[in-house]
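Some notes on the structure that comes next.
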Amino acid sequence: MSKIFYTKTDEAPALATASFLPIVKAFTKTSGIEIETKNISLAGRIAALFPEYLTEEQKVPNDLDVLGELAKQPEANIIKLPNISASIPQLKEAIAELQSKGYKLPDYPDEPKTEEEKVIKSKYDKVKGSAVNPVLREGNSDRRAPRAVKNYAKKNPHSMGAWSADSKTHVATMSHGDFKSNEKSITIPSATEVQIVLKTENGAKKVLKEKLSLQDGEIIDATVMSKKALLVFLKEQVKDAKEKGVLFSVHLKATMMKVSDPVIFGHVVETFFKPVFDKYSTTFEKIGVNPNDGLEVLYNKLEKLPTNEKTEIENKIQAVLEDGPSLAMVNSDKGITNLHVPSDIIIDASMPAMIRNSGQMWNAEGKPQDTKAVIPDSSYAGIYSATIDFCKEHGAFDPTTMGTVPNVGLMAQKAEEYGSHDKTFEIKEAGSVQVIDLNSDKVLLEHSVEEGDIWRMCQVKDAPIEDWIKLAVSRARATNDPAIFWLDENRAHDRELIKKVNLYLPQQDTDGLDIQIMSPEKATQYTLKRIKEGKDTISVSGNVLRDYLTDLFPILEVGTSAKMLSIVPLMNGGGLFETGAGGSAPKHVEQFLEEGHLRWDSLGEFLALGVSLEFYGEKNNNPKAKILGDALDAATEKFLLNDKSPSRKVKELDTRGSHFYLAKYWAEALSKQDNDAELKSIFTKIYAQIQNKEEQILNDLLDAQGSAQDIGGYYKPNPNLESIAMRPSDAFNKILQSI
Ligand SMILES: NC(=O)C1=CN([C@@H]2O[C@H](COP(=O)(O)OP(=O)(O)OC[C@H]3O[C@@H](n4cnc5c(N)ncnc54)[C@H](OP(=O)(O)O)[C@@H]3O)[C@@H](O)[C@H]2O)C=CC1
Ligand SMILES: O=C(O)CCC(=O)C(=O)O
Ligand SMILES: [Mg+2]
């Protein structure tokens with residue numbers, strides 16, 4: 001009998017799992033369904049890579065590899081919660097925590113010198129950034145807000161800041177020299193192998209990537225971000241932000257684009273603090289400051305200096321801050337700026353939050369202020385400027401009437417930017433980068449480059465593209481909504497994709513469907529106009545736009561991407577059910593540790609489990625699984641109707657209380673169904689017990705709030721302490737145990 005695999009991840013979702021998974025296990029046990037946990041947390045993934053450094057007790061299997069293999073099997077049924085895609089500072093923190101717990105792991109070598117250090121760094125780089133999702137996502141993405149969620153938002157609208165036509169907020173993006181402008185793309189006519197080389201100006205040939213296999217009909221593209229053009233652009237933006245009196249704020253995806261974007265982030269830090277980096281370059285070299293890590297690490301490194309030297313540099317930084325434009329803040333109370341930590345300013349979550357907040361970010365005084373949102377690469381920046389322009393013209397969106405924008409995203413088999421990590425290089429020497437066909441010696445793609453440029457190559461295989469087009473048609477058919485391919489005929493890669501759409505779309509039954517191709521800017525305008533009129537429009541997009549759009553629209557429509565249904569129909573027949581569309585919410589953990597209140601909304605988990613159970617029922621011919629799934633869906637609807645999502649404030653219902661209500665409604669729905677007498681009998685008793693003890697359980701859960709929590713770690717909490725903290729009601733635990 002196959003199993004359902006539930007992932008143990010990090011931060012808030014991992015805390016939520018400590019409370020929710022025991023409920024799930026107790027309920028599903030009744031129907032012979034086995035739920036197995038797989039640990040893909042950052043700490044777990046680190047430990048799995050270095051068995052040779054660990055004691056027998058510390059060794060763990062490589063669960064990510066196991067799940068990655070499983071995702072290619074037809075019986076796969078995986079519930080995937082968000083995990084940390086670690087920036088270098090996070091990776092180092094996790095290593096340090098494991099070391100402090102007796103794990104004799106090597107340090108992360110910033111600049112590896114010996115062969116051994118090179119091996120260590122390359123291993124750590126496998127855990128860095130978006131290292132999980134591309135492995136598990138062996139299918140394309142289907143993310144949408146279920147009807148019940150939209151109805152909930154219409155009845156309980158979230159706050160939405162008003163927009164004024166004279167808002168000074170705007171997006172600043174490059175007009176030349178960036179990834180978009182320099183992109184070249186071709187479709188491979190027949191399977192081959194390629195090599196990536198740098199031909200330097202003095203004629204030397206340096207191999208950047210030894211060998212890469214390409215399939216028939218695969219699209220490849222290559223592009224380069226010019227360091228010179230980037231620096232000129234950034235300098236202008238710092239000056240312009242100061243002149244316009246707006247906040248300077250940069251938005252990148254240093255986690256998902258783990259090789260390119262940290263470098264771009266570093267250039268922003270260095271440009272903003274140029275007088276500091278110019279004056280103290282020797283000292284910084286000595287103490288190992290890397291601007292890519294951000295200001296927080298820089299401040300920590302200053303601790304290594306004698307007090308007078310440290311104070312002098314701190315004062316200089318302060319002077320630059322006072323002299324330059326105001327910086328947007330991630331946390332004004334704690335003085336954490338937009339340039340402190342690269343993983344704090346992730347574009348998909350931060351841009352919609354700004355748009356929801358009248359286009360304003362927080363300044364150092366904790367007040368909202370108009371902002372210059374700097375998005376260096378222009379590939380997708382236009383969707384945000386189009387949205388901002390729309391809000392300036394029409395005012396804020398109204399969650400009680402607005403339509404919805406589901407997404408069908410191309411991401412299977414490391415499609416597009418997801419597969420670029422091992423093919424992105426910061427160029428060390430001027431010359432030209434060539435992608436050479438090893439069978440014909442022909443140069444397929446070529447760019448001249450200068451020292452410091454960032455060159456990258458992406459791939460997307462033919463089968464995932466065809467699957468994506470089919471998925472788009474099936475969603476259009478299921479909803480009768482227009483489906484728009486967000487593709488730009490002025491972009492090299494998109495032109496190749498458009499050819500495939502024109503090839504594969506006519507092979508589908510599209511009779512009566514409205515399917516169009518528009519550039520991202522046009523598609524944004526078209527979609528926003530419809531959304532305002534309460535109409536729904538499917539966005540069909542590439543991988544990065546998928547990421548952006550599945551935060552942008554959910555955050556505007558339903559207040560958070562946590563309430564999204566997120567399905568990945570795996571290409572080999574299995575199912576990957578993701579929870580929500582957001583991340584691991586580090587701010588939530590902070591609040592939980594300080595005051596014992598967790599505000600993580602598990603609706604995404606409820607929705608994912610519902611579809612996973614249904615899928616399980618069909619695959620394994622297990623009608624009970626289907627009944628459990630249907631009852632869970634009914635419970636989720638009641639949960640929304642009764643507004644039992646966690647509140648943001650301490651001493652009010654939190655994640656644990658919300659799980660209690662879900663369990664109550666789930667038991668109720670099972671007690672009321674008549675398709676399975678055994679389940680009915682079990683859950684009639686359970687529902688009665690829950691009702692009897694409701695007051696006591698809710699009191700237990702509230703009493704547990706209001707004080708600091710110790711769960712024995714951040715990246716690797718102690719499971720017992722975590723369980724004690726997340727399951728504080730004996731009465732509730734006993735009921736679950738009795739099932
Ligand atoms: N699928 C995946 O594995 C993903 C992983 N990530 C990873 O998550 C981490 C944090 O990323 P970040 O960009 O800060 O984005 P997050 O989505 O984690 O957080 C942004 C904000 O969104 C709100 N939010 C997100 N999820 C929930 C939820 N379930 N319930 C309630 N509110 C929620 C919170 O708002 P508020 O503070 O107002 O409550 C939160 O602070 C990074 O390590 C990133 O790599 C990110 C996206 C997807
Ligand atoms: O893979 C990642 O790092 C982030 C993924 C993400 O944000 C998403 O899928 O929405
Ligand atoms: Mg995202």
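Ligands are numbered from 1 in the order shown, chains are lettered A, B, ... in the order of the structure tokens, and residues start at 1 in each chain.
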
Which residues of chain A come within 6 Å of ligand 2, and for each one, what is the closest pair of atoms and their distance in Å to one decimal, counting only C-alpha atoms and all ligand atoms, sorted by chain and residue number, as a tab-separated table?
```
residue	atom	partner	partner_atom_place_in_ligand_line	distance
A:Ser85	CA	ligand 2	3 (O)	4.9
A:Ser130	CA	ligand 2	3 (O)	3.9
A:Asn133	CA	ligand 2	1 (O)	4.9
A:Thr255	CA	ligand 2	3 (O)	5.4
A:Met256	CA	ligand 2	3 (O)	4.0
A:Asp547	CA	ligand 2	10 (O)	4.4
A:Ala581	CA	ligand 2	10 (O)	5.1
A:Gly582	CA	ligand 2	10 (O)	5.8
```

Store the residues picked out above, limited to N, CA and C atoms, as a PDB file, in the first residue's frame.
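Below you can see result.pdb, which holds the result:
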```pdb
ATOM      1  N   SER A  85      14.946  28.445   1.656  1.00  0.00           N
ATOM      2  CA  SER A  85      15.948  28.447   0.587  1.00  0.00           C
ATOM      3  C   SER A  85      17.032  29.374   1.118  1.00  0.00           C
ATOM      4  N   SER A 130      17.592  27.900  -3.449  1.00  0.00           N
ATOM      5  CA  SER A 130      16.454  27.067  -3.822  1.00  0.00           C
ATOM      6  C   SER A 130      16.952  25.681  -4.212  1.00  0.00           C
ATOM      7  N   ASN A 133      12.886  22.802  -3.999  1.00  0.00           N
ATOM      8  CA  ASN A 133      11.762  22.871  -4.941  1.00  0.00           C
ATOM      9  C   ASN A 133      12.107  22.360  -6.341  1.00  0.00           C
ATOM     10  N   THR A 255      17.408  34.028  -2.968  1.00  0.00           N
ATOM     11  CA  THR A 255      17.300  32.623  -2.566  1.00  0.00           C
ATOM     12  C   THR A 255      17.084  31.728  -3.776  1.00  0.00           C
ATOM     13  N   MET A 256      16.060  32.068  -4.557  1.00  0.00           N
ATOM     14  CA  MET A 256      15.755  31.220  -5.719  1.00  0.00           C
ATOM     15  C   MET A 256      16.803  31.392  -6.812  1.00  0.00           C
ATOM     16  N   ASP A 547       6.305  32.453  -9.923  1.00  0.00           N
ATOM     17  CA  ASP A 547       6.648  32.769  -8.549  1.00  0.00           C
ATOM     18  C   ASP A 547       6.089  34.145  -8.160  1.00  0.00           C
ATOM     19  N   ALA A 581       1.294  29.333  -1.121  1.00  0.00           N
ATOM     20  CA  ALA A 581       2.253  29.754  -2.133  1.00  0.00           C
ATOM     21  C   ALA A 581       3.338  30.618  -1.512  1.00  0.00           C
ATOM     22  N   GLY A 582       3.262  30.787  -0.195  1.00  0.00           N
ATOM     23  CA  GLY A 582       4.230  31.652   0.468  1.00  0.00           C
ATOM     24  C   GLY A 582       5.385  30.842   1.016  1.00  0.00           C
TER      25      GLY A 582
END
```

Write out as a PyMOL selection string the residues lying within 7 Å of Pro399 (chain A), counting only C-alpha atoms and excluding same-chain residues fewer than 2 positions away. chain A and resi 153-154+157+397+401-402+557-558

Please, which residues of region 521-592 of chain A, numbered as in this document, come out helix (DSSP H, G or I) from DSSP, as a count of residues only? 38

At a cut-off of 10 Å and counting only C-alpha atoms and all ligand atoms, what residues surround ligand 3? Please answer as a PyMOL selection string. chain A and resi 82+253+256+346-349+544-552+561+580-583

Output C-alpha atoms for every residue in that selection, as a CSV table (one decimal), in the first residue's frame.
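Contents of out_26.csv, freshly written:
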```
chain,number,residue,atom,x,y,z
A,82,PRO,CA,7.6,25.6,2.4
A,253,LYS,CA,15.3,36.8,-5.3
A,256,MET,CA,15.8,31.2,-5.7
A,346,ILE,CA,12.5,38.6,-1.5
A,347,ILE,CA,10.7,40.2,-4.4
A,348,ASP,CA,7.6,37.9,-4.7
A,349,ALA,CA,6.5,38.6,-1.1
A,544,VAL,CA,9.8,33.3,-12.4
A,545,LEU,CA,6.6,34.9,-13.3
A,546,ARG,CA,4.8,32.0,-11.7
A,547,ASP,CA,6.6,32.8,-8.5
A,548,TYR,CA,5.8,36.5,-8.7
A,549,LEU,CA,2.2,36.2,-9.8
A,550,THR,CA,1.3,33.5,-7.2
A,551,ASP,CA,2.2,35.9,-4.4
A,552,LEU,CA,1.1,39.2,-6.1
A,561,SER,CA,-0.6,33.5,-0.4
A,580,GLY,CA,-0.1,27.7,0.0
A,581,ALA,CA,2.3,29.8,-2.1
A,582,GLY,CA,4.2,31.7,0.5
A,583,GLY,CA,7.4,30.9,2.4
```

Ligand 1: which residues are within 9 Å, counting only C-alpha atoms and all ligand atoms, as a count of residues only? 60

Nearest-residue call for Phe248 (chain A), choices A:Arg147, A:Gln369, A:Phe179, A:Ile264, using only C-alpha atoms: A:Gln369

Please identify all polymer residues within 9 Å of Leu212 (chain A), counting only C-alpha atoms, omitting same-chain residues fewer than 2 positions from it, and present them as an mmCIF file with C-alpha atoms, in the first residue's frame.
```
data_model
loop_
_atom_site.group_PDB
_atom_site.id
_atom_site.type_symbol
_atom_site.label_atom_id
_atom_site.label_comp_id
_atom_site.auth_asym_id
_atom_site.auth_seq_id
_atom_site.Cartn_x
_atom_site.Cartn_y
_atom_site.Cartn_z
ATOM 1 C CA THR A 192 23.356 16.840 -28.415
ATOM 2 C CA GLU A 193 25.927 17.824 -25.826
ATOM 3 C CA VAL A 194 27.283 21.276 -25.221
ATOM 4 C CA GLN A 195 30.152 22.837 -23.373
ATOM 5 C CA ILE A 196 30.320 26.332 -21.903
ATOM 6 C CA LYS A 209 30.918 23.784 -17.699
ATOM 7 C CA GLU A 210 32.465 20.631 -19.045
ATOM 8 C CA LEU A 214 20.406 18.599 -24.338
#
```

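Between CA of Lys442 (chain A) and CA of Gly419 (chain A) the interatomic distance comes to 23.0 Å.
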
I want to know what sits within 6 Å of region 322-329 of chain A, based on only C-alpha atoms, with residues of the same chain fewer than 5 positions away left out; could you give that as JSON, numbers by chain? {"A": [241, 242, 247, 248, 249, 336, 337, 338, 362, 363]}

Within 10 Å of Glu668 (chain A) using only C-alpha atoms, minus same-chain residues under 3 positions, as an MDAnalysis selection string: chainID A and resid 631:632 634:635 662:665 671:673 680 683:688 690:691

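Among the candidates A:Gly706, A:Gly575, A:Gly177, A:Pro189, the residue lying nearest to Glu595 (chain A) is A:Gly706 (atoms considered: only C-alpha atoms).
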